[in-house]
Amino acid sequence: MATVELLFSALPEHVRTARLVAAAVARRAGVDEAVLDEVRLAVGEACSRAVSLHRSHEIDGPVKVVLTEDEKKFSIEVADDAPHPGVMAATAAAASGSAAPAGSPASPASTAPATPDDSGADSEDDMGLAVISGLVDDVEVTASETGGLIRMSWPTTSSSVTP
């Protein structure tokens with residue numbers, strides 16, 4: 001299992017770099033060429049969301065992206081350090097492993113309740129999660145008081161070729 005870890009300052013201009021790295025590693029891992037645009041877009045949305053959360057909460061720490069190549073799948077985790085107070089961990093994939101329906105927010109309960117100061121940011125967050133869940137079949141969103149994590153994965157072509 002090969003892993004690439006990327007840490008970057010929470011600046012919008014670094015999101016493009018994360019997208020390029022994710023696409024390059026996904027290609028090397030064996031993700032189908034037809035899916036690479038979806039990988040780029042999903043990583044861009046997840047990283048933009050993390051950057052936005054860091055900036056709105058004035059967090060100096062980096063955004064963390066972990067790209068993992070497995071025998072049967074390619075996984076990306078995007079982590080933020082923004083607090084999500086009063087939020088229970090939520091996932092888009094049910095315990096059975098099924099993903100959220102395409103076009104629906106990956107996890108409407110994964111963001112903190114809107115306050116008068118951040119109601120616009122909350123709807124932006126929901127929109128980003130909806131875009132991600134529309135692009136990725138296997139997505140999981142978790143959040144707590146110490147940060148959030150978006151975990152996405154795609155099958156590799158080597159797994160679809162084997163009987």
# chains A, B, ... in the order shown; residues from 1 in each chain; ligands from 1
call {"tool": "residues_around", "arguments": {"residues": "region 64-80 of chain A", "least_positions_apart": "5", "cutoff": "8 Å", "atoms": "only C-alpha atoms", "output": "PDB file with all heavy atoms, in the first residue's frame"}}
result
ATOM      1  N   MET A   1       0.846  -1.177   0.000  1.00  0.00           N
ATOM      2  CA  MET A   1       0.000   0.000   0.000  1.00  0.00           C
ATOM      3  C   MET A   1       0.894   1.243   0.000  1.00  0.00           C
ATOM      4  O   MET A   1       1.721   1.428   0.879  1.00  0.00           O
ATOM      5  CB  MET A   1      -0.908  -0.018   1.233  1.00  0.00           C
ATOM      6  CG  MET A   1      -1.746   1.208   1.358  1.00  0.00           C
ATOM      7  SD  MET A   1      -3.095   1.119   2.554  1.00  0.00           S
ATOM      8  CE  MET A   1      -2.314   0.721   4.072  1.00  0.00           C
ATOM      9  N   ALA A   2       0.739   2.075  -1.007  1.00  0.00           N
ATOM     10  CA  ALA A   2       1.514   3.309  -1.123  1.00  0.00           C
ATOM     11  C   ALA A   2       0.669   4.489  -0.639  1.00  0.00           C
ATOM     12  O   ALA A   2      -0.530   4.550  -0.908  1.00  0.00           O
ATOM     13  CB  ALA A   2       1.926   3.527  -2.569  1.00  0.00           C
ATOM     14  N   THR A   3       1.313   5.408   0.071  1.00  0.00           N
ATOM     15  CA  THR A   3       0.609   6.572   0.603  1.00  0.00           C
ATOM     16  C   THR A   3       1.384   7.844   0.286  1.00  0.00           C
ATOM     17  O   THR A   3       2.604   7.878   0.401  1.00  0.00           O
ATOM     18  CB  THR A   3       0.440   6.455   2.132  1.00  0.00           C
ATOM     19  OG1 THR A   3      -0.297   5.272   2.414  1.00  0.00           O
ATOM     20  CG2 THR A   3      -0.289   7.646   2.700  1.00  0.00           C
ATOM     21  N   VAL A   4       0.652   8.874  -0.112  1.00  0.00           N
ATOM     22  CA  VAL A   4       1.212  10.205  -0.309  1.00  0.00           C
ATOM     23  C   VAL A   4       0.469  11.119   0.643  1.00  0.00           C
ATOM     24  O   VAL A   4      -0.758  11.108   0.700  1.00  0.00           O
ATOM     25  CB  VAL A   4       1.027  10.694  -1.765  1.00  0.00           C
ATOM     26  CG1 VAL A   4       1.480  12.139  -1.907  1.00  0.00           C
ATOM     27  CG2 VAL A   4       1.762   9.787  -2.736  1.00  0.00           C
ATOM     28  N   GLU A   5       1.214  11.901   1.418  1.00  0.00           N
ATOM     29  CA  GLU A   5       0.606  12.829   2.365  1.00  0.00           C
ATOM     30  C   GLU A   5       0.975  14.246   1.959  1.00  0.00           C
ATOM     31  O   GLU A   5       2.137  14.546   1.696  1.00  0.00           O
ATOM     32  CB  GLU A   5       1.112  12.533   3.775  1.00  0.00           C
ATOM     33  CG  GLU A   5       0.362  13.268   4.857  1.00  0.00           C
ATOM     34  CD  GLU A   5       0.736  12.793   6.241  1.00  0.00           C
ATOM     35  OE1 GLU A   5       0.764  11.564   6.457  1.00  0.00           O
ATOM     36  OE2 GLU A   5       1.008  13.650   7.093  1.00  0.00           O
ATOM     37  N   LEU A   6      -0.028  15.098   1.887  1.00  0.00           N
ATOM     38  CA  LEU A   6       0.156  16.477   1.465  1.00  0.00           C
ATOM     39  C   LEU A   6      -0.397  17.394   2.550  1.00  0.00           C
ATOM     40  O   LEU A   6      -1.547  17.252   2.955  1.00  0.00           O
ATOM     41  CB  LEU A   6      -0.598  16.693   0.138  1.00  0.00           C
ATOM     42  CG  LEU A   6      -0.632  18.068  -0.476  1.00  0.00           C
ATOM     43  CD1 LEU A   6       0.772  18.509  -0.887  1.00  0.00           C
ATOM     44  CD2 LEU A   6      -1.553  18.061  -1.690  1.00  0.00           C
ATOM     45  N   LEU A   7       0.442  18.293   3.032  1.00  0.00           N
ATOM     46  CA  LEU A   7       0.016  19.310   3.991  1.00  0.00           C
ATOM     47  C   LEU A   7       0.198  20.662   3.307  1.00  0.00           C
ATOM     48  O   LEU A   7       1.253  20.917   2.728  1.00  0.00           O
ATOM     49  CB  LEU A   7       0.866  19.271   5.255  1.00  0.00           C
ATOM     50  CG  LEU A   7       0.843  17.988   6.071  1.00  0.00           C
ATOM     51  CD1 LEU A   7       1.871  18.067   7.193  1.00  0.00           C
ATOM     52  CD2 LEU A   7      -0.531  17.751   6.648  1.00  0.00           C
ATOM     53  N   PHE A   8      -0.836  21.511   3.384  1.00  0.00           N
ATOM     54  CA  PHE A   8      -0.674  22.837   2.791  1.00  0.00           C
ATOM     55  C   PHE A   8      -1.374  23.897   3.624  1.00  0.00           C
ATOM     56  O   PHE A   8      -2.361  23.617   4.304  1.00  0.00           O
ATOM     57  CB  PHE A   8      -1.150  22.859   1.332  1.00  0.00           C
ATOM     58  CG  PHE A   8      -2.618  22.611   1.120  1.00  0.00           C
ATOM     59  CD1 PHE A   8      -3.528  23.661   1.094  1.00  0.00           C
ATOM     60  CD2 PHE A   8      -3.093  21.326   0.902  1.00  0.00           C
ATOM     61  CE1 PHE A   8      -4.875  23.439   0.875  1.00  0.00           C
ATOM     62  CE2 PHE A   8      -4.442  21.089   0.669  1.00  0.00           C
ATOM     63  CZ  PHE A   8      -5.332  22.147   0.661  1.00  0.00           C
ATOM     64  N   ALA A  18      -3.220  20.632  -4.839  1.00  0.00           N
ATOM     65  CA  ALA A  18      -3.778  19.392  -4.285  1.00  0.00           C
ATOM     66  C   ALA A  18      -4.531  18.616  -5.366  1.00  0.00           C
ATOM     67  O   ALA A  18      -4.427  17.388  -5.445  1.00  0.00           O
ATOM     68  CB  ALA A  18      -4.700  19.704  -3.111  1.00  0.00           C
ATOM     69  N   ALA A  22      -3.467  14.911  -6.619  1.00  0.00           N
ATOM     70  CA  ALA A  22      -4.458  13.839  -6.511  1.00  0.00           C
ATOM     71  C   ALA A  22      -4.672  13.147  -7.861  1.00  0.00           C
ATOM     72  O   ALA A  22      -4.729  11.908  -7.929  1.00  0.00           O
ATOM     73  CB  ALA A  22      -5.783  14.383  -5.985  1.00  0.00           C
ATOM     74  N   VAL A  25      -1.527  10.969  -8.709  1.00  0.00           N
ATOM     75  CA  VAL A  25      -1.441   9.760  -7.888  1.00  0.00           C
ATOM     76  C   VAL A  25      -2.567   8.793  -8.264  1.00  0.00           C
ATOM     77  O   VAL A  25      -2.353   7.582  -8.334  1.00  0.00           O
ATOM     78  CB  VAL A  25      -1.460  10.111  -6.383  1.00  0.00           C
ATOM     79  CG1 VAL A  25      -1.482   8.856  -5.529  1.00  0.00           C
ATOM     80  CG2 VAL A  25      -0.245  10.967  -6.027  1.00  0.00           C
ATOM     81  N   ALA A  26      -3.754   9.313  -8.536  1.00  0.00           N
ATOM     82  CA  ALA A  26      -4.880   8.455  -8.945  1.00  0.00           C
ATOM     83  C   ALA A  26      -4.558   7.744 -10.255  1.00  0.00           C
ATOM     84  O   ALA A  26      -4.836   6.542 -10.407  1.00  0.00           O
ATOM     85  CB  ALA A  26      -6.154   9.289  -9.088  1.00  0.00           C
ATOM     86  N   ALA A  29      -2.180   5.032  -9.598  1.00  0.00           N
ATOM     87  CA  ALA A  29      -2.804   3.957  -8.819  1.00  0.00           C
ATOM     88  C   ALA A  29      -3.691   3.054  -9.674  1.00  0.00           C
ATOM     89  O   ALA A  29      -4.048   1.968  -9.242  1.00  0.00           O
ATOM     90  CB  ALA A  29      -3.633   4.545  -7.674  1.00  0.00           C
ATOM     91  N   VAL A  31      -6.651   4.311 -11.358  1.00  0.00           N
ATOM     92  CA  VAL A  31      -8.031   4.794 -11.479  1.00  0.00           C
ATOM     93  C   VAL A  31      -8.307   5.027 -12.962  1.00  0.00           C
ATOM     94  O   VAL A  31      -7.456   5.553 -13.690  1.00  0.00           O
ATOM     95  CB  VAL A  31      -8.228   6.095 -10.667  1.00  0.00           C
ATOM     96  CG1 VAL A  31      -9.590   6.716 -10.929  1.00  0.00           C
ATOM     97  CG2 VAL A  31      -8.047   5.820  -9.185  1.00  0.00           C
ATOM     98  N   VAL A  43     -11.735  16.399  -5.105  1.00  0.00           N
ATOM     99  CA  VAL A  43     -10.637  16.854  -4.250  1.00  0.00           C
ATOM    100  C   VAL A  43     -10.644  18.378  -4.158  1.00  0.00           C
ATOM    101  O   VAL A  43     -10.443  18.946  -3.080  1.00  0.00           O
ATOM    102  CB  VAL A  43      -9.281  16.333  -4.772  1.00  0.00           C
ATOM    103  CG1 VAL A  43      -8.124  17.013  -4.064  1.00  0.00           C
ATOM    104  CG2 VAL A  43      -9.202  14.833  -4.587  1.00  0.00           C
ATOM    105  N   ALA A  46     -13.450  19.321  -1.725  1.00  0.00           N
ATOM    106  CA  ALA A  46     -13.117  18.976  -0.342  1.00  0.00           C
ATOM    107  C   ALA A  46     -12.033  19.897   0.207  1.00  0.00           C
ATOM    108  O   ALA A  46     -12.117  20.367   1.351  1.00  0.00           O
ATOM    109  CB  ALA A  46     -12.667  17.512  -0.265  1.00  0.00           C
ATOM    110  N   CYS A  47     -11.023  20.190  -0.599  1.00  0.00           N
ATOM    111  CA  CYS A  47      -9.941  21.071  -0.145  1.00  0.00           C
ATOM    112  C   CYS A  47     -10.427  22.512   0.001  1.00  0.00           C
ATOM    113  O   CYS A  47     -10.056  23.206   0.953  1.00  0.00           O
ATOM    114  CB  CYS A  47      -8.745  20.992  -1.100  1.00  0.00           C
ATOM    115  SG  CYS A  47      -7.833  19.438  -1.001  1.00  0.00           S
ATOM    116  N   ALA A  50     -12.243  22.715   3.240  1.00  0.00           N
ATOM    117  CA  ALA A  50     -11.321  22.730   4.373  1.00  0.00           C
ATOM    118  C   ALA A  50     -10.629  24.090   4.505  1.00  0.00           C
ATOM    119  O   ALA A  50     -10.497  24.622   5.609  1.00  0.00           O
ATOM    120  CB  ALA A  50     -10.280  21.617   4.225  1.00  0.00           C
ATOM    121  N   VAL A  51     -10.212  24.660   3.377  1.00  0.00           N
ATOM    122  CA  VAL A  51      -9.575  25.990   3.397  1.00  0.00           C
ATOM    123  C   VAL A  51     -10.551  27.021   3.941  1.00  0.00           C
ATOM    124  O   VAL A  51     -10.207  27.837   4.800  1.00  0.00           O
ATOM    125  CB  VAL A  51      -9.076  26.379   1.986  1.00  0.00           C
ATOM    126  CG1 VAL A  51      -8.732  27.861   1.917  1.00  0.00           C
ATOM    127  CG2 VAL A  51      -7.869  25.538   1.596  1.00  0.00           C
ATOM    128  N   LEU A  53     -13.134  26.563   5.920  1.00  0.00           N
ATOM    129  CA  LEU A  53     -13.347  26.351   7.356  1.00  0.00           C
ATOM    130  C   LEU A  53     -12.166  26.862   8.175  1.00  0.00           C
ATOM    131  O   LEU A  53     -12.346  27.505   9.215  1.00  0.00           O
ATOM    132  CB  LEU A  53     -13.593  24.868   7.647  1.00  0.00           C
ATOM    133  CG  LEU A  53     -14.942  24.319   7.194  1.00  0.00           C
ATOM    134  CD1 LEU A  53     -14.958  22.802   7.246  1.00  0.00           C
ATOM    135  CD2 LEU A  53     -16.065  24.908   8.033  1.00  0.00           C
ATOM    136  N   HIS A  54     -10.960  26.596   7.720  1.00  0.00           N
ATOM    137  CA  HIS A  54      -9.775  27.081   8.434  1.00  0.00           C
ATOM    138  C   HIS A  54      -9.757  28.601   8.475  1.00  0.00           C
ATOM    139  O   HIS A  54      -9.486  29.194   9.520  1.00  0.00           O
ATOM    140  CB  HIS A  54      -8.494  26.565   7.761  1.00  0.00           C
ATOM    141  CG  HIS A  54      -8.077  25.215   8.233  1.00  0.00           C
ATOM    142  ND1 HIS A  54      -6.804  24.935   8.636  1.00  0.00           N
ATOM    143  CD2 HIS A  54      -8.767  24.064   8.375  1.00  0.00           C
ATOM    144  CE1 HIS A  54      -6.714  23.665   9.007  1.00  0.00           C
ATOM    145  NE2 HIS A  54      -7.911  23.117   8.848  1.00  0.00           N
ATOM    146  N   GLY A 147     -12.334  18.702  14.540  1.00  0.00           N
ATOM    147  CA  GLY A 147     -12.112  18.795  13.103  1.00  0.00           C
ATOM    148  C   GLY A 147     -13.024  17.887  12.311  1.00  0.00           C
ATOM    149  O   GLY A 147     -13.835  17.159  12.868  1.00  0.00           O
ATOM    150  N   GLY A 148     -12.846  17.953  11.013  1.00  0.00           N
ATOM    151  CA  GLY A 148     -13.662  17.148  10.117  1.00  0.00           C
ATOM    152  C   GLY A 148     -12.799  16.359   9.155  1.00  0.00           C
ATOM    153  O   GLY A 148     -11.616  16.660   8.962  1.00  0.00           O
ATOM    154  N   LEU A 149     -13.409  15.344   8.552  1.00  0.00           N
ATOM    155  CA  LEU A 149     -12.697  14.488   7.616  1.00  0.00           C
ATOM    156  C   LEU A 149     -13.649  14.065   6.506  1.00  0.00           C
ATOM    157  O   LEU A 149     -14.776  13.639   6.779  1.00  0.00           O
ATOM    158  CB  LEU A 149     -12.159  13.244   8.331  1.00  0.00           C
ATOM    159  CG  LEU A 149     -11.404  12.234   7.482  1.00  0.00           C
ATOM    160  CD1 LEU A 149     -10.030  12.783   7.097  1.00  0.00           C
ATOM    161  CD2 LEU A 149     -11.247  10.930   8.238  1.00  0.00           C
ATOM    162  N   ILE A 150     -13.198  14.220   5.271  1.00  0.00           N
ATOM    163  CA  ILE A 150     -13.934  13.696   4.129  1.00  0.00           C
ATOM    164  C   ILE A 150     -13.077  12.581   3.558  1.00  0.00           C
ATOM    165  O   ILE A 150     -11.926  12.801   3.182  1.00  0.00           O
ATOM    166  CB  ILE A 150     -14.197  14.775   3.061  1.00  0.00           C
ATOM    167  CG1 ILE A 150     -15.074  15.874   3.634  1.00  0.00           C
ATOM    168  CG2 ILE A 150     -14.843  14.147   1.823  1.00  0.00           C
ATOM    169  CD1 ILE A 150     -15.331  17.020   2.683  1.00  0.00           C
ATOM    170  N   ARG A 151     -13.642  11.379   3.520  1.00  0.00           N
ATOM    171  CA  ARG A 151     -12.937  10.203   2.997  1.00  0.00           C
ATOM    172  C   ARG A 151     -13.658   9.768   1.723  1.00  0.00           C
ATOM    173  O   ARG A 151     -14.863   9.521   1.750  1.00  0.00           O
ATOM    174  CB  ARG A 151     -12.947   9.090   4.041  1.00  0.00           C
ATOM    175  CG  ARG A 151     -12.153   7.861   3.658  1.00  0.00           C
ATOM    176  CD  ARG A 151     -12.104   6.857   4.805  1.00  0.00           C
ATOM    177  NE  ARG A 151     -11.385   7.406   5.952  1.00  0.00           N
ATOM    178  CZ  ARG A 151     -11.892   7.505   7.183  1.00  0.00           C
ATOM    179  NH1 ARG A 151     -13.117   7.107   7.442  1.00  0.00           N
ATOM    180  NH2 ARG A 151     -11.167   7.985   8.171  1.00  0.00           N
ATOM    181  N   MET A 152     -12.909   9.696   0.615  1.00  0.00           N
ATOM    182  CA  MET A 152     -13.477   9.326  -0.681  1.00  0.00           C
ATOM    183  C   MET A 152     -12.644   8.186  -1.260  1.00  0.00           C
ATOM    184  O   MET A 152     -11.443   8.127  -1.036  1.00  0.00           O
ATOM    185  CB  MET A 152     -13.411  10.514  -1.642  1.00  0.00           C
ATOM    186  CG  MET A 152     -14.048  11.778  -1.114  1.00  0.00           C
ATOM    187  SD  MET A 152     -13.704  13.238  -2.127  1.00  0.00           S
ATOM    188  CE  MET A 152     -12.073  13.692  -1.527  1.00  0.00           C
ATOM    189  N   SER A 153     -13.273   7.299  -2.039  1.00  0.00           N
ATOM    190  CA  SER A 153     -12.492   6.253  -2.687  1.00  0.00           C
ATOM    191  C   SER A 153     -13.097   5.870  -4.023  1.00  0.00           C
ATOM    192  O   SER A 153     -14.302   6.037  -4.248  1.00  0.00           O
ATOM    193  CB  SER A 153     -12.342   5.031  -1.786  1.00  0.00           C
ATOM    194  OG  SER A 153     -13.576   4.410  -1.583  1.00  0.00           O
ATOM    195  N   TRP A 154     -12.234   5.378  -4.895  1.00  0.00           N
ATOM    196  CA  TRP A 154     -12.591   4.951  -6.234  1.00  0.00           C
ATOM    197  C   TRP A 154     -11.943   3.606  -6.488  1.00  0.00           C
ATOM    198  O   TRP A 154     -10.821   3.353  -6.039  1.00  0.00           O
ATOM    199  CB  TRP A 154     -12.076   5.939  -7.279  1.00  0.00           C
ATOM    200  CG  TRP A 154     -12.704   7.281  -7.212  1.00  0.00           C
ATOM    201  CD1 TRP A 154     -13.766   7.721  -7.937  1.00  0.00           C
ATOM    202  CD2 TRP A 154     -12.316   8.389  -6.376  1.00  0.00           C
ATOM    203  NE1 TRP A 154     -14.054   9.031  -7.609  1.00  0.00           N
ATOM    204  CE2 TRP A 154     -13.180   9.464  -6.651  1.00  0.00           C
ATOM    205  CE3 TRP A 154     -11.319   8.581  -5.418  1.00  0.00           C
ATOM    206  CZ2 TRP A 154     -13.085  10.689  -6.026  1.00  0.00           C
ATOM    207  CZ3 TRP A 154     -11.215   9.805  -4.784  1.00  0.00           C
ATOM    208  CH2 TRP A 154     -12.098  10.839  -5.085  1.00  0.00           C
ATOM    209  N   PRO A 155     -12.606   2.734  -7.257  1.00  0.00           N
ATOM    210  CA  PRO A 155     -11.980   1.461  -7.607  1.00  0.00           C
ATOM    211  C   PRO A 155     -10.833   1.684  -8.584  1.00  0.00           C
ATOM    212  O   PRO A 155     -10.857   2.638  -9.374  1.00  0.00           O
ATOM    213  CB  PRO A 155     -13.106   0.665  -8.257  1.00  0.00           C
ATOM    214  CG  PRO A 155     -14.073   1.695  -8.741  1.00  0.00           C
ATOM    215  CD  PRO A 155     -13.941   2.872  -7.812  1.00  0.00           C
ATOM    216  N   THR A 156      -9.834   0.816  -8.532  1.00  0.00           N
ATOM    217  CA  THR A 156      -8.751   0.880  -9.506  1.00  0.00           C
ATOM    218  C   THR A 156      -9.037  -0.116 -10.619  1.00  0.00           C
ATOM    219  O   THR A 156      -9.779  -1.084 -10.419  1.00  0.00           O
ATOM    220  CB  THR A 156      -7.390   0.567  -8.853  1.00  0.00           C
ATOM    221  OG1 THR A 156      -7.458  -0.710  -8.225  1.00  0.00           O
ATOM    222  CG2 THR A 156      -7.030   1.635  -7.815  1.00  0.00           C
ATOM    223  N   SER A 158      -7.189  -2.277 -11.910  1.00  0.00           N
ATOM    224  CA  SER A 158      -6.672  -3.628 -11.642  1.00  0.00           C
ATOM    225  C   SER A 158      -7.698  -4.469 -10.896  1.00  0.00           C
ATOM    226  O   SER A 158      -7.777  -5.675 -11.097  1.00  0.00           O
ATOM    227  CB  SER A 158      -5.368  -3.555 -10.854  1.00  0.00           C
ATOM    228  OG  SER A 158      -5.572  -2.911  -9.617  1.00  0.00           O
ATOM    229  N   SER A 159      -8.531  -3.849 -10.044  1.00  0.00           N
ATOM    230  CA  SER A 159      -9.542  -4.608  -9.311  1.00  0.00           C
ATOM    231  C   SER A 159     -10.711  -4.987 -10.209  1.00  0.00           C
ATOM    232  O   SER A 159     -11.350  -5.998 -10.004  1.00  0.00           O
ATOM    233  CB  SER A 159     -10.057  -3.831  -8.100  1.00  0.00           C
ATOM    234  OG  SER A 159     -10.779  -2.703  -8.517  1.00  0.00           O
TER     235      SER A 159
END
call {"tool": "closest_residue", "arguments": {"among": "A:Asp81, A:Asp37, A:Glu45, A:Asp32", "to": "Ser144 (chain A)", "atoms": "only C-alpha atoms"}}
result
A:Asp81
call {"tool": "closest_residue", "arguments": {"among": "A:Val35, A:Ala10, A:Leu20, A:Ala42", "to": "Ile59 (chain A)", "atoms": "only C-alpha atoms"}}
result
A:Ala10
call {"tool": "atom_distance", "arguments": {"atom1": "CA of Arg55 (chain A)", "atom2": "CA of His84 (chain A)"}}
result
14.2 Å
call {"tool": "atom_distance", "arguments": {"atom1": "CA of Ala23 (chain A)", "atom2": "CA of Asp60 (chain A)"}}
result
26.5 Å
